[in-house]
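Take a look at the structure set out below.
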Amino acid sequence: INTASAAQTITVTNTGTAPLHITALTLGGTNAGDFSLATQAPITVAANNGTAQISLTFTPAATGNRAATLTIVNDVSNQVVNLSGTGVQPGISAPPSLSFANQTVSTTGNSSITVTNSGTAPLHITSLAITTNSAEFAVTTVASTQNPVTVAANGGTATINLTFTPAQIGTRNGTLSIGSDAPGTPTTVSLSGTGTAAVIAITPTGGLNFGSQLVSVASNPSSITITNNGNVNLTITAMALGGTNAGDFSFSPVPSYPITVGFTAPNNSVSIPLV
């Protein structure tokens with residue numbers, strides 16, 4: 001709607017033996033404002049099958065069937081021509097939100113949305129942009145004014161592909177903006193996803209100090225605490241003692257691997273005794 005059609009022409013033929021004089025061209029009817037005359041009166045049509053062309057365009061103001069009349073006023077008998085056309089318009093329907101699956105921090109996950117053309121004319125998607133948090137969300141489908149994504153009318157669909165690369169743990173949010181020739185553009189889609197990772201913390205932070213101890217006599221055990229401050233399980237597959245006097249220290253008892261540390265209290269920490 002609100003765009004002009006290519007011009008259509010009506011041919012008037014003078015079947016008489018004297019010149020025909022068209023003195024006025026008048027538009028009328030319910031949707032007369034949707035039609036425009038590119039030809040103006042007066043027009044003289046030569047006798048003996050002379051012809052004249054009357055040109056009109058159609059610019060629908062609304063969707064659906066549109067109708068009007070053209071009255072050709074002349075010196076023989078006025079003629080009425082029925083005019084009709086159909087106003088069409090694209091429509092866009094997209095999900096209001098997209099939730100990505102949980103994604104490990106600094107890795108990339110893929111997902112997509114389906115855009116539907118709910119209108120009666122082809123839909124042209126001319127831009128796709130992440131307008132909030134483009135550092136963690138991206139759209140991989142390309143659309144531009146020069147290279148739009150065209151979606152067929154009456155329920156046609158198109159797939160828009162996106163990625164999620166969380167930079168940190170927790171809920172992450174973004175916004176996709178879809179520009180098109182549909183009314184109400186742009187269309188926005190809320191994006192969300194959860195970045196996951198195990199985050200290890202060890203206390204005491206300054207290390208264990210066993211103090212003075214008799215040579216070749218084992219001390220009482222002292223422990224370090226390993227806490228998982230992340231949002232997925234932490235798996236400890238090995239621990240090793242190192243340094244100048246590593247042989248003077250030992251685990252008591254020797255841990256059995258793997259050690260799984262949860263991420264919700266009270267299961268998000270484990271004590272490791274040493275002597």
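By convention in this document, the chains of the structure tokens carry letters A, B, ... by their order, each chain's residues are numbered from 1, and ligands are numbered from 1 in the order they are shown.
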Spatial neighbours of region 83-99 of chain A, max dist 6 Å, only C-alpha atoms, sep filter under 5 positions, as a ChimeraX atom specification: /A:1,60,62-69,115-123,182,189-193
Residue with smallest distance to Gly16 (chain A) - pool A:Asn48, A:Thr107, A:Thr30, A:Thr145, counting only C-alpha atoms: A:Asn48
Would you mind listing, for every residue of region 159-221 of chain A within 7 Å of region 125-139 of chain A, the two atoms forming the shortest contact and the distance between them in Å to one decimal, using only C-alpha atoms, sorted by chain and ascending residue number, as a tab-separated table?
```
residue	atom	partner	partner_atom	distance
A:Asn161	CA	A:Val139	CA	6.0
A:Leu162	CA	A:Val139	CA	4.3
A:Thr163	CA	A:Ala138	CA	5.2
A:Phe164	CA	A:Phe137	CA	4.7
A:Thr165	CA	A:Glu136	CA	4.9
A:Pro166	CA	A:Glu136	CA	5.3
A:Ala167	CA	A:Glu136	CA	6.6
A:Asn173	CA	A:Asn133	CA	6.9
A:Gly174	CA	A:Thr132	CA	4.7
A:Thr175	CA	A:Thr132	CA	4.9
A:Leu176	CA	A:Ile130	CA	4.6
A:Ser177	CA	A:Ala129	CA	5.3
A:Ile178	CA	A:Leu128	CA	4.9
A:Gly179	CA	A:Ser127	CA	4.7
A:Ser180	CA	A:Ile125	CA	4.2
A:Asp181	CA	A:Ile125	CA	6.9
```
Could you take the residues named above and write them with all heavy atoms, as a short mmCIF file (atom, residue, chain, number, x, y, z; two decimals), in the first residue's frame?
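Final output, again-v6.cif:
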```cif
data_model
loop_
_atom_site.label_atom_id
_atom_site.label_comp_id
_atom_site.auth_asym_id
_atom_site.auth_seq_id
_atom_site.Cartn_x
_atom_site.Cartn_y
_atom_site.Cartn_z
N ASN A 161 19.97 -16.80 11.68
CA ASN A 161 20.91 -17.53 12.53
C ASN A 161 21.69 -16.58 13.43
O ASN A 161 22.12 -15.51 13.00
CB ASN A 161 21.88 -18.32 11.65
CG ASN A 161 21.16 -19.37 10.81
OD1 ASN A 161 20.40 -20.18 11.33
ND2 ASN A 161 21.38 -19.35 9.51
N LEU A 162 21.89 -17.02 14.68
CA LEU A 162 22.58 -16.21 15.67
C LEU A 162 23.56 -17.07 16.45
O LEU A 162 23.44 -18.30 16.48
CB LEU A 162 21.59 -15.55 16.64
CG LEU A 162 20.53 -14.66 16.03
CD1 LEU A 162 19.20 -15.37 16.01
CD2 LEU A 162 20.40 -13.35 16.80
N THR A 163 24.52 -16.41 17.12
CA THR A 163 25.46 -17.09 17.98
C THR A 163 25.52 -16.41 19.35
O THR A 163 25.17 -15.24 19.50
CB THR A 163 26.88 -17.11 17.38
OG1 THR A 163 27.35 -15.76 17.25
CG2 THR A 163 26.88 -17.80 16.01
N PHE A 164 25.98 -17.19 20.34
CA PHE A 164 26.12 -16.70 21.72
C PHE A 164 27.48 -17.16 22.22
O PHE A 164 27.79 -18.35 22.24
CB PHE A 164 25.00 -17.28 22.58
CG PHE A 164 25.12 -17.03 24.06
CD1 PHE A 164 25.43 -15.78 24.56
CD2 PHE A 164 24.91 -18.07 24.97
CE1 PHE A 164 25.53 -15.56 25.93
CE2 PHE A 164 25.00 -17.86 26.34
CZ PHE A 164 25.32 -16.61 26.82
N THR A 165 28.32 -16.18 22.62
CA THR A 165 29.65 -16.46 23.14
C THR A 165 29.80 -15.73 24.47
O THR A 165 30.27 -14.57 24.51
CB THR A 165 30.74 -16.00 22.15
OG1 THR A 165 30.47 -16.54 20.85
CG2 THR A 165 32.12 -16.45 22.60
N PRO A 166 29.38 -16.35 25.58
CA PRO A 166 29.41 -15.63 26.87
C PRO A 166 30.84 -15.33 27.31
O PRO A 166 31.75 -16.15 27.16
CB PRO A 166 28.73 -16.61 27.83
CG PRO A 166 28.92 -17.97 27.20
CD PRO A 166 28.88 -17.73 25.72
N ALA A 167 31.00 -14.13 27.83
CA ALA A 167 32.31 -13.70 28.33
C ALA A 167 32.47 -13.99 29.81
O ALA A 167 33.59 -13.95 30.33
CB ALA A 167 32.51 -12.21 28.06
N ASN A 173 22.20 -11.04 28.46
CA ASN A 173 21.05 -10.57 27.67
C ASN A 173 21.50 -9.72 26.50
O ASN A 173 22.53 -9.04 26.55
CB ASN A 173 20.10 -9.76 28.56
CG ASN A 173 19.49 -10.59 29.67
OD1 ASN A 173 18.78 -11.55 29.43
ND2 ASN A 173 19.79 -10.22 30.91
N GLY A 174 20.70 -9.75 25.45
CA GLY A 174 20.96 -8.93 24.27
C GLY A 174 19.67 -8.65 23.54
O GLY A 174 18.59 -9.10 23.93
N THR A 175 19.76 -7.90 22.44
CA THR A 175 18.59 -7.55 21.63
C THR A 175 18.95 -7.65 20.16
O THR A 175 19.97 -7.12 19.73
CB THR A 175 18.10 -6.13 21.94
OG1 THR A 175 17.84 -6.00 23.34
CG2 THR A 175 16.82 -5.81 21.16
N LEU A 176 18.08 -8.32 19.40
CA LEU A 176 18.18 -8.36 17.94
C LEU A 176 17.17 -7.40 17.35
O LEU A 176 15.99 -7.41 17.74
CB LEU A 176 17.90 -9.78 17.43
CG LEU A 176 17.68 -9.93 15.92
CD1 LEU A 176 18.96 -9.64 15.16
CD2 LEU A 176 17.16 -11.33 15.59
N SER A 177 17.60 -6.55 16.42
CA SER A 177 16.71 -5.62 15.74
C SER A 177 16.60 -6.04 14.27
O SER A 177 17.62 -6.22 13.59
CB SER A 177 17.25 -4.19 15.84
OG SER A 177 16.41 -3.28 15.15
N ILE A 178 15.35 -6.19 13.80
CA ILE A 178 15.08 -6.62 12.43
C ILE A 178 14.44 -5.46 11.69
O ILE A 178 13.32 -5.05 12.00
CB ILE A 178 14.15 -7.84 12.39
CG1 ILE A 178 14.71 -8.99 13.26
CG2 ILE A 178 13.92 -8.31 10.96
CD1 ILE A 178 13.73 -10.14 13.45
N GLY A 179 15.14 -4.92 10.70
CA GLY A 179 14.60 -3.85 9.88
C GLY A 179 13.98 -4.42 8.61
O GLY A 179 14.53 -5.33 8.00
N SER A 180 12.81 -3.91 8.22
CA SER A 180 12.12 -4.45 7.04
C SER A 180 11.20 -3.38 6.47
O SER A 180 11.12 -2.26 6.98
CB SER A 180 11.30 -5.69 7.42
OG SER A 180 10.16 -5.33 8.20
N ASP A 181 10.47 -3.77 5.41
CA ASP A 181 9.48 -2.85 4.83
C ASP A 181 8.08 -3.11 5.36
O ASP A 181 7.10 -2.61 4.81
CB ASP A 181 9.50 -2.93 3.30
CG ASP A 181 9.28 -4.34 2.77
OD1 ASP A 181 9.15 -5.27 3.58
OD2 ASP A 181 9.25 -4.51 1.53
#
```
Backbone-only DSSP, strand (DSSP E or B) members of region 55-200 of chain A, as a PyMOL selection string: chain A and resi 55-58+64-74+79-87+93+97-99+103-104+109-116+123-132+137-139+149-151+157-164+170-180+187-196+200
Surrounding residues of Ile236 (chain A) excluding itself and chain neighbours under 4 positions, 9 Å, only C-alpha atoms, as a list in words: Tyr257, Pro258, Ile259, Thr260 and Val261 of chain A
Residue with smallest distance to Ile72 (chain A) - pool A:Leu56, A:Ile22, A:Ile113, A:Val215, counting only C-alpha atoms: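 Checking each of A:Leu56, A:Ile22, A:Ile113, A:Val215 against Ile72 (chain A), counting only C-alpha atoms, the winner is A:Ile22.
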Atomic distance CA of Asp75 (chain A) - CA of Ala32 (chain A), expressed in Å with one decimal: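 If I compute the distance from CA of Asp75 (chain A) to CA of Ala32 (chain A), I get 23.9 Å.
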Non-local contacts of Phe263 (chain A) (6 Å; only C-alpha atoms; under 3 positions in same chain excluded) as a list in words: Asn228, Asn231, Val232, Asn233 and Asn268 of chain A
